[in-house]
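With TSV, C-alpha atoms and all ligand atoms inside, this is my_file_29.tsv:
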chain	number	residue	atom	x	y	z
A	298	MET	CA	-47.22	209.84	9.58
A	299	THR	CA	-47.21	209.36	5.79
A	300	ARG	CA	-50.62	208.85	4.28
A	301	GLU	CA	-51.09	205.94	1.87
A	302	PRO	CA	-51.11	207.08	-1.78
A	303	VAL	CA	-54.60	207.07	-3.23
A	304	LEU	CA	-53.35	205.89	-6.63
A	305	GLN	CA	-50.25	203.94	-7.62
A	306	VAL	CA	-49.43	202.91	-11.17
A	307	GLU	CA	-46.46	200.63	-11.84
A	308	HIS	CA	-44.93	199.50	-15.14
A	309	LEU	CA	-48.17	200.06	-16.97
A	310	ARG	CA	-48.36	199.06	-20.66
A	311	GLN	CA	-51.28	199.14	-23.03
A	312	VAL	CA	-50.97	197.65	-26.49
A	313	PHE	CA	-53.86	197.53	-28.97
A	314	ALA	CA	-53.96	195.02	-31.81
A	315	VAL	CA	-55.52	196.58	-34.91
A	316	GLY	CA	-55.55	194.09	-37.80
A	317	ARG	CA	-51.95	192.89	-37.95
A	318	GLU	CA	-50.55	196.04	-36.41
A	319	ARG	CA	-49.73	196.43	-32.74
A	320	LEU	CA	-50.15	199.90	-31.35
A	321	GLU	CA	-48.24	200.47	-28.12
A	322	VAL	CA	-50.08	203.45	-26.64
A	323	LEU	CA	-48.74	203.27	-23.07
A	324	ARG	CA	-45.17	202.01	-22.82
A	325	ASP	CA	-44.07	202.29	-19.22
A	326	ILE	CA	-46.19	204.45	-16.97
A	327	HIS	CA	-45.28	205.08	-13.35
A	328	LEU	CA	-47.33	207.37	-11.20
A	329	GLU	CA	-48.10	207.92	-7.56
A	330	VAL	CA	-50.84	210.30	-6.43
A	331	ALA	CA	-50.99	211.22	-2.76
A	332	ALA	CA	-54.26	211.60	-0.88
A	333	GLY	CA	-55.67	215.05	-1.62
A	334	GLU	CA	-53.18	215.84	-4.39
A	335	ARG	CA	-54.07	217.83	-7.53
A	336	LEU	CA	-52.53	216.60	-10.78
A	337	ALA	CA	-53.08	217.64	-14.40
A	338	ILE	CA	-52.20	215.37	-17.32
A	339	ILE	CA	-51.63	217.12	-20.63
A	340	GLY	CA	-50.48	215.86	-24.02
A	341	ALA	CA	-51.22	216.02	-27.72
A	342	SER	CA	-54.25	214.33	-29.25
A	343	GLY	CA	-53.85	210.57	-29.63
A	344	GLN	CA	-51.04	210.22	-27.07
A	345	GLY	CA	-53.16	207.95	-24.87
A	346	LYS	CA	-54.56	210.22	-22.16
A	347	SER	CA	-58.07	208.74	-22.27
A	348	THR	CA	-56.66	205.23	-22.44
A	349	LEU	CA	-54.59	205.91	-19.32
A	350	MET	CA	-57.60	207.33	-17.46
A	351	GLN	CA	-59.74	204.30	-18.33
A	352	VAL	CA	-57.05	201.92	-17.13
A	353	MET	CA	-56.46	203.89	-13.91
A	354	GLY	CA	-60.20	204.00	-13.23
A	355	GLY	CA	-60.57	200.22	-13.42
A	356	LEU	CA	-62.54	200.32	-16.67
A	357	GLU	CA	-60.00	198.73	-19.03
A	358	LYS	CA	-57.49	196.04	-18.12
A	359	PRO	CA	-53.93	196.93	-19.13
A	360	SER	CA	-51.67	194.63	-21.19
A	361	ALA	CA	-49.18	194.66	-18.30
A	362	GLY	CA	-48.51	196.46	-15.03
A	363	ARG	CA	-50.40	197.24	-11.88
A	364	VAL	CA	-52.89	199.85	-10.68
A	365	ARG	CA	-53.54	200.25	-6.95
A	366	ILE	CA	-56.32	202.38	-5.56
A	367	GLN	CA	-56.01	202.99	-1.82
A	368	GLY	CA	-53.58	200.08	-1.74
A	369	GLU	CA	-55.86	197.58	-3.56
A	370	ASP	CA	-54.50	195.97	-6.74
A	371	ILE	CA	-57.65	196.61	-8.75
A	372	TYR	CA	-57.09	194.19	-11.62
A	373	ALA	CA	-56.41	191.37	-9.14
A	374	LEU	CA	-60.05	191.76	-8.01
A	375	ASN	CA	-62.95	190.13	-9.79
A	376	GLU	CA	-65.27	192.42	-11.71
A	377	ARG	CA	-67.86	192.69	-8.95
A	378	ARG	CA	-65.31	193.65	-6.28
A	379	ARG	CA	-63.62	196.04	-8.70
A	380	GLY	CA	-67.02	197.68	-9.31
A	381	GLN	CA	-67.56	198.04	-5.56
A	382	LEU	CA	-64.13	199.60	-5.09
A	383	ARG	CA	-64.83	202.02	-7.94
A	384	ASN	CA	-68.18	202.97	-6.44
A	385	ARG	CA	-66.60	203.55	-3.04
A	386	SER	CA	-63.39	205.33	-3.95
A	387	VAL	CA	-63.40	206.75	-7.49
A	388	GLY	CA	-65.46	209.40	-9.26
A	389	PHE	CA	-65.11	209.42	-13.02
A	390	VAL	CA	-65.99	212.18	-15.48
A	391	TYR	CA	-65.73	210.97	-19.07
A	392	GLN	CA	-65.37	212.99	-22.25
A	393	LEU	CA	-68.92	211.87	-23.01
A	394	HIS	CA	-71.22	212.30	-20.05
A	395	ARG	CA	-72.89	208.82	-20.07
A	396	LEU	CA	-75.97	209.88	-18.11
A	397	LEU	CA	-78.97	207.55	-18.09
A	398	PRO	CA	-81.62	209.12	-20.36
A	399	GLU	CA	-84.70	207.84	-18.51
A	400	PHE	CA	-83.73	209.38	-15.16
A	401	THR	CA	-83.86	213.02	-14.05
A	402	ALA	CA	-80.71	215.05	-13.38
A	403	LEU	CA	-81.19	214.57	-9.63
A	404	GLU	CA	-81.74	210.81	-9.98
A	405	ASN	CA	-78.66	210.48	-12.17
A	406	VAL	CA	-76.61	212.22	-9.51
A	407	LEU	CA	-78.03	210.06	-6.71
A	408	LEU	CA	-77.63	206.73	-8.52
A	409	PRO	CA	-74.13	205.85	-7.22
A	410	LEU	CA	-75.57	206.12	-3.70
A	411	LEU	CA	-78.89	204.43	-4.45
A	412	VAL	CA	-77.15	201.36	-5.93
A	413	ARG	CA	-75.49	200.92	-2.52
A	414	ARG	CA	-78.98	200.94	-1.01
A	415	GLU	CA	-78.59	204.28	0.75
A	416	ARG	CA	-82.00	205.81	1.45
A	417	ARG	CA	-83.11	208.45	-1.00
A	418	ALA	CA	-84.52	210.72	1.70
A	419	VAL	CA	-81.13	210.69	3.43
A	420	VAL	CA	-78.97	211.37	0.37
A	421	GLU	CA	-81.21	213.66	-1.64
A	422	PRO	CA	-80.22	216.95	0.09
A	423	TRP	CA	-76.56	216.37	-0.80
A	424	GLY	CA	-77.50	215.63	-4.44
A	425	ARG	CA	-79.54	218.83	-4.57
A	426	GLU	CA	-76.69	220.80	-3.03
A	427	LEU	CA	-74.15	219.51	-5.55
A	428	LEU	CA	-76.43	220.33	-8.48
A	429	GLY	CA	-76.93	223.78	-7.00
A	430	ARG	CA	-73.18	224.25	-6.76
A	431	VAL	CA	-72.73	223.53	-10.49
A	432	GLY	CA	-75.50	226.05	-11.25
A	433	LEU	CA	-78.28	223.53	-11.94
A	434	GLY	CA	-80.50	224.08	-8.92
A	435	GLN	CA	-83.35	224.89	-11.33
A	436	ARG	CA	-82.85	221.75	-13.48
A	437	LEU	CA	-83.26	218.96	-10.93
A	438	GLN	CA	-86.21	217.32	-12.70
A	439	HIS	CA	-84.87	217.65	-16.24
A	440	LYS	CA	-83.95	214.45	-18.05
A	441	PRO	CA	-80.62	214.46	-19.95
A	442	GLY	CA	-82.39	214.91	-23.30
A	443	MET	CA	-83.82	218.24	-22.06
A	444	LEU	CA	-80.44	219.59	-20.95
A	445	SER	CA	-77.76	221.35	-22.98
A	446	GLY	CA	-74.43	219.61	-23.56
A	447	GLY	CA	-72.68	221.71	-20.95
A	448	GLU	CA	-75.46	221.14	-18.43
A	449	ARG	CA	-75.18	217.38	-18.95
A	450	GLN	CA	-71.47	217.59	-18.30
A	451	ARG	CA	-72.11	219.45	-15.05
A	452	VAL	CA	-74.63	216.79	-13.97
A	453	ALA	CA	-71.96	214.17	-14.72
A	454	LEU	CA	-69.52	216.00	-12.46
A	455	ALA	CA	-72.06	216.17	-9.63
A	456	ARG	CA	-72.65	212.43	-10.07
A	457	ALA	CA	-68.92	211.73	-9.92
A	458	LEU	CA	-68.58	213.67	-6.67
A	459	VAL	CA	-71.72	212.51	-4.88
A	460	THR	CA	-69.96	209.60	-3.16
A	461	ARG	CA	-67.26	211.98	-1.81
A	462	PRO	CA	-64.63	209.82	-3.53
A	463	ALA	CA	-60.99	209.71	-2.46
A	464	LEU	CA	-60.04	210.10	-6.13
A	465	LEU	CA	-61.66	212.02	-8.98
A	466	LEU	CA	-60.53	211.07	-12.49
A	467	ALA	CA	-61.77	213.65	-14.98
A	468	ASP	CA	-61.08	213.38	-18.71
A	469	GLU	CA	-61.44	216.87	-20.20
A	470	PRO	CA	-64.33	217.66	-17.87
A	471	THR	CA	-64.94	221.14	-19.27
A	472	GLY	CA	-64.03	220.55	-22.90
A	473	ASN	CA	-67.49	221.55	-24.21
A	474	LEU	CA	-68.28	224.35	-21.78
A	475	ASP	CA	-68.27	228.11	-22.19
A	476	SER	CA	-65.72	229.85	-20.02
A	477	GLU	CA	-68.22	230.81	-17.29
A	478	SER	CA	-69.62	227.29	-16.85
A	479	ALA	CA	-66.11	225.85	-17.08
A	480	GLU	CA	-65.06	228.16	-14.27
A	481	ALA	CA	-67.98	226.92	-12.09
A	482	VAL	CA	-66.93	223.32	-12.68
A	483	HIS	CA	-63.25	224.05	-11.95
A	484	ALA	CA	-64.22	225.89	-8.79
A	485	LEU	CA	-66.37	222.99	-7.57
A	486	MET	CA	-63.60	220.45	-8.16
A	487	LEU	CA	-61.09	222.60	-6.30
A	488	GLU	CA	-63.52	223.26	-3.43
A	489	LEU	CA	-64.15	219.56	-2.93
A	490	ASN	CA	-60.44	218.91	-3.15
A	491	ARG	CA	-60.00	221.30	-0.24
A	492	GLU	CA	-63.15	220.37	1.72
A	493	LEU	CA	-63.13	216.59	1.36
A	494	GLY	CA	-59.51	215.90	0.42
A	495	THR	CA	-60.58	214.39	-2.91
A	496	ALA	CA	-57.44	213.84	-4.99
A	497	LEU	CA	-57.88	215.23	-8.52
A	498	VAL	CA	-56.36	213.75	-11.68
A	499	ILE	CA	-57.56	215.82	-14.60
A	500	VAL	CA	-56.79	215.53	-18.30
A	501	THR	CA	-57.09	219.00	-19.72
A	502	HIS	CA	-56.11	221.15	-22.66
A	503	GLU	CA	-56.97	224.27	-20.67
A	504	PRO	CA	-53.90	226.13	-19.43
A	505	SER	CA	-55.91	228.01	-16.80
A	506	LEU	CA	-56.99	224.75	-15.18
A	507	ALA	CA	-53.59	223.06	-15.45
A	508	ALA	CA	-52.03	226.08	-13.81
A	509	ARG	CA	-54.26	225.62	-10.74
A	510	MET	CA	-53.08	222.06	-10.18
A	511	ALA	CA	-50.12	221.40	-7.94
A	512	ARG	CA	-48.38	219.11	-10.47
A	513	VAL	CA	-48.50	218.80	-14.25
A	514	LEU	CA	-47.36	215.77	-16.27
A	515	ARG	CA	-47.19	215.46	-20.04
A	516	LEU	CA	-48.01	212.13	-21.69
A	517	HIS	CA	-45.68	211.68	-24.64
A	518	ASP	CA	-44.40	208.56	-26.42
A	519	GLY	CA	-46.19	206.31	-23.94
A	520	ALA	CA	-44.62	207.77	-20.79
A	521	LEU	CA	-45.32	210.61	-18.34
A	522	HIS	CA	-42.88	213.52	-18.10
A	523	PRO	CA	-42.87	216.30	-15.50
A	524	VAL	CA	-43.74	219.79	-16.72
A	525	VAL	CA	-42.43	222.79	-14.85
A	526	VAL	CA	-45.06	225.51	-14.73
A	527	PRO	CA	-43.66	228.93	-13.81
A	528	ALA	CA	-46.00	230.54	-11.29
A	529	ASP	CA	-46.25	233.81	-13.20
A	530	ASN	CA	-46.48	232.27	-16.65
A	531	PRO	CA	-49.14	229.58	-17.07
A	532	LEU	CA	-48.79	226.87	-19.70
A	533	PRO	CA	-48.80	227.93	-23.35
A	601	LIG	N1	-59.70	200.14	-28.33
A	601	LIG	C1	-58.74	200.61	-29.14
A	601	LIG	N2	-58.24	199.88	-30.14
A	601	LIG	C2	-57.28	200.35	-30.94
A	601	LIG	N3	-56.71	201.56	-30.84
A	601	LIG	C3	-57.16	202.35	-29.84
A	601	LIG	C4	-58.19	201.93	-28.94
A	601	LIG	N4	-58.42	202.93	-28.06
A	601	LIG	C5	-57.57	203.93	-28.40
A	601	LIG	N5	-56.82	203.59	-29.47
A	601	LIG	C6	-55.76	204.41	-30.08
A	601	LIG	O1	-54.85	204.78	-29.06
A	601	LIG	C7	-54.39	206.10	-29.24
A	601	LIG	C8	-54.64	206.90	-27.97
A	601	LIG	O2	-56.04	207.17	-27.83
A	601	LIG	P1	-56.61	208.07	-26.64
A	601	LIG	O3	-58.06	208.24	-26.86
A	601	LIG	O4	-56.18	207.45	-25.37
A	601	LIG	O5	-55.82	209.43	-26.89
A	601	LIG	P2	-55.95	210.85	-26.19
A	601	LIG	O6	-54.57	211.28	-25.82
A	601	LIG	O7	-56.97	210.79	-25.12
A	601	LIG	O8	-56.48	211.75	-27.39
A	601	LIG	P3	-57.47	213.05	-27.44
A	601	LIG	O9	-56.72	214.18	-26.75
A	601	LIG	O10	-57.61	213.27	-28.91
A	601	LIG	O11	-58.75	212.67	-26.75
A	601	LIG	C9	-55.11	206.66	-30.45
A	601	LIG	O12	-54.21	206.61	-31.55
A	601	LIG	C10	-56.27	205.72	-30.64
A	601	LIG	O13	-56.60	205.61	-32.01

Here is the file; what I need is its structure written in the form of structure tokens.
Amino acid sequence: MTREPVLQVEHLRQVFAVGRERLEVLRDIHLEVAAGERLAIIGASGQGKSTLMQVMGGLEKPSAGRVRIQGEDIYALNERRRGQLRNRSVGFVYQLHRLLPEFTALENVLLPLLVRRERRAVVEPWGRELLGRVGLGQRLQHKPGMLSGGERQRVALARALVTRPALLLADEPTGNLDSESAEAVHALMLELNRELGTALVIVTHEPSLAARMARVLRLHDGALHPVVVPADNPLP
């Protein structure tokens, strides 16, 4: 039996109008990500990696083309239904963490479940466990303003994974972390990929992370190109 792809992108284009100029950032993107797959997207600064992630995550409507998540054409849905689908199926780690400043680390992590009216007493142990697994078991009651940048990023990862999503989209999730914290975050993403079958799509400049993904694509000139990574010689 073939499993349905978790993510399908067809003929995707994104054009920005800036003054009188038109900037075609994504020209013709095709991509299919199988359930449980691990994919890295690399590419030079300004090539459109973040733009692609936003469009694939349902956060920014493309100029043309289609994005399906678990078979659903997400931009054919109204905003409310698209939000529900995102909550159910997608975890998103942004370059900036976007935590809510008035809530504690634990509350930030639990929010995606609390907005679906799951009971706090039921979901709290899983939130605590995830924070423990990113090394923040002693920071549960800290608000974002009391955490370091790297700690905030780890809270954001725990929040993205708390719903056990079918798909995790992570845009440079360990860009600001020291190598030890980055390693903890990479390990957690890979563990949940194995344990829960969460498909990973990760934008990264870190060769060590890209090398641990099953497939690597380079975004260049508005299209995705396969990169062959020799097993004994990780990316430059
Ligand atoms: N809303 C927007 N309006 C106009 N131009 C935009 C907009 N968003 C992004 N761009 C432009 O699109 C291009 C791609 O931006 P994007 O942030 O997707 O690149 P990136 O590959 O993620 O870069 P980096 O690795 O530096 O984060 C950039 O040249 C950027 O200036």

Enumerate, as a list in words, the protein, DNA and RNA residues whose atoms approach (-57.9, 193.6, -13.6) to within 10 Å, taking into account all atoms listed in the file and the coordinate frame of the file.
Val352, Gly355, Leu356, Glu357, Lys358, Pro359, Ser360, Ala361, Gly362, Arg363, Val364, Asp370, Ile371, Tyr372, Ala373, Leu374, Asn375, Glu376 and Arg379 of chain A

Closest-contact table, chain A side, partner ligand LIG 601 (chain A), 7 Å, counting only C-alpha atoms and all ligand atoms, as a tab-separated table:
residue	atom	partner	partner_atom	distance
A:Phe313	CA	A:LIG601	C2	4.9
A:Ala314	CA	A:LIG601	C2	6.3
A:Val315	CA	A:LIG601	C2	5.8
A:Leu320	CA	A:LIG601	N3	6.8
A:Val322	CA	A:LIG601	O1	5.5
A:Gly340	CA	A:LIG601	O6	6.4
A:Ala341	CA	A:LIG601	O9	5.9
A:Ser342	CA	A:LIG601	O9	3.5
A:Gly343	CA	A:LIG601	O5	3.6
A:Gln344	CA	A:LIG601	O6	3.9
A:Gly345	CA	A:LIG601	O4	3.1
A:Lys346	CA	A:LIG601	O6	3.8
A:Ser347	CA	A:LIG601	O7	3.7
A:Thr348	CA	A:LIG601	O4	3.7
A:Leu349	CA	A:LIG601	O4	6.4

What's the 7 Å shell around region 427-436 of chain A, counting all atoms listed in the file, without same-chain residues fewer than 4 positions away, as a PyMOL selection string?
chain A and resi 423+451-452+455+481-482+485

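Among the candidates A:Leu464, A:Leu407, A:Val306, A:Ala337, the residue lying nearest to Leu516 (chain A) is A:Ala337 (atoms considered: all atoms listed in the file).
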
Select, from A:Gly447, A:Pro462, A:Pro441, A:Gly388, the residue with the minimum atom-to-atom distance to Glu404 (chain A), counting all atoms listed in the file.
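Using all atoms listed in the file, the shortest distance to Glu404 (chain A) belongs to A:Pro441.
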
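Every protein, DNA or RNA residue with an atom at most 10 Å from Arg324 (chain A), where all atoms listed in the file count and chain neighbours fewer than 5 positions away do not, is listed here: His308, Leu309, Arg310, Gln311, Val312, Ser360, Ala361, His517, Asp518, Gly519, Ala520 and Leu521 of chain A.
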
Compile the contact shell of Ala507 (chain A) as a ChimeraX atom specification: residues with an atom at most 8 Å away, counting only C-alpha atoms, same-chain residues fewer than 4 positions apart removed.
/A:337,501-503,513,532

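With only C-alpha atoms as the atoms that count, the minimum distance from Ile366 (chain A) to the choices A:Glu448, A:Glu488, A:Glu307, A:Glu426 is reached by A:Glu307.
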
Rank nothing, just name the residue among A:Met510, A:Ala453, A:Met443, A:Met486 nearest to Tyr391 (chain A), using all atoms listed in the file.
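The closest residue to Tyr391 (chain A) is A:Ala453.
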
Around region 409-413 of chain A, fit a box with edges along x, y and z, padding it by 5 Å on each side, then list its centre and edge lengths in Å to one decimal as AutoDock Vina command-line options.
--center_x -76.5 --center_y 203.5 --center_z -4.9 --size_x 14.8 --size_y 15.2 --size_z 14.7

Please provide the set of residues having any atom within 10 Å of Asn384 (chain A), restricted to only C-alpha atoms, with same-chain residues fewer than 3 positions apart removed, written as a ChimeraX atom specification.
/A:378-381,387-389,409-410,412-413,457,460,462

Next, the residues of the selection above should be written as a JSON list (two decimals), keeping the file's coordinate frame with C-alpha atoms.
[["chain", "number", "residue", "atom", "x", "y", "z"],
["A", 378, "ARG", "CA", -65.31, 193.65, -6.28],
["A", 379, "ARG", "CA", -63.62, 196.04, -8.70],
["A", 380, "GLY", "CA", -67.02, 197.68, -9.31],
["A", 381, "GLN", "CA", -67.56, 198.04, -5.56],
["A", 387, "VAL", "CA", -63.40, 206.75, -7.49],
["A", 388, "GLY", "CA", -65.46, 209.40, -9.26],
["A", 389, "PHE", "CA", -65.11, 209.42, -13.02],
["A", 409, "PRO", "CA", -74.13, 205.85, -7.22],
["A", 410, "LEU", "CA", -75.57, 206.12, -3.70],
["A", 412, "VAL", "CA", -77.15, 201.36, -5.93],
["A", 413, "ARG", "CA", -75.49, 200.92, -2.52],
["A", 457, "ALA", "CA", -68.92, 211.73, -9.92],
["A", 460, "THR", "CA", -69.96, 209.60, -3.16],
["A", 462, "PRO", "CA", -64.63, 209.82, -3.53]]

Mind pulling up the distance from CA of Thr471 (chain A) to CA of Ser505 (chain A)?
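Pair CA of Ser505 (chain A) / CA of Thr471 (chain A) returns 11.6 Å.
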
Separation of CA of Leu397 (chain A) from CA of Leu411 (chain A), in Å and rounded to one decimal:
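Separation between CA of Leu397 (chain A) and CA of Leu411 (chain A): 14.0 Å.
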
Smallest atom-to-atom distance to Leu444 (chain A): which of A:Arg416, A:Pro398, A:Asp475, A:Arg456, using all atoms listed in the file?
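Under the stated criterion, the closest residue is A:Pro398.
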
CA of Pro504 (chain A) and CA of Ser476 (chain A), how far apart in Å?
12.4 Å

Could you pull the residues within 7 Å of Glu469 (chain A), counting only C-alpha atoms, minus those fewer than 4 positions along the same chain, as a PyMOL selection string?
chain A and resi 392+499-501

Nearest-residue call for His439 (chain A), choices A:Glu421, A:Glu415, A:Glu399, A:Glu477, using only C-alpha atoms
A:Glu399
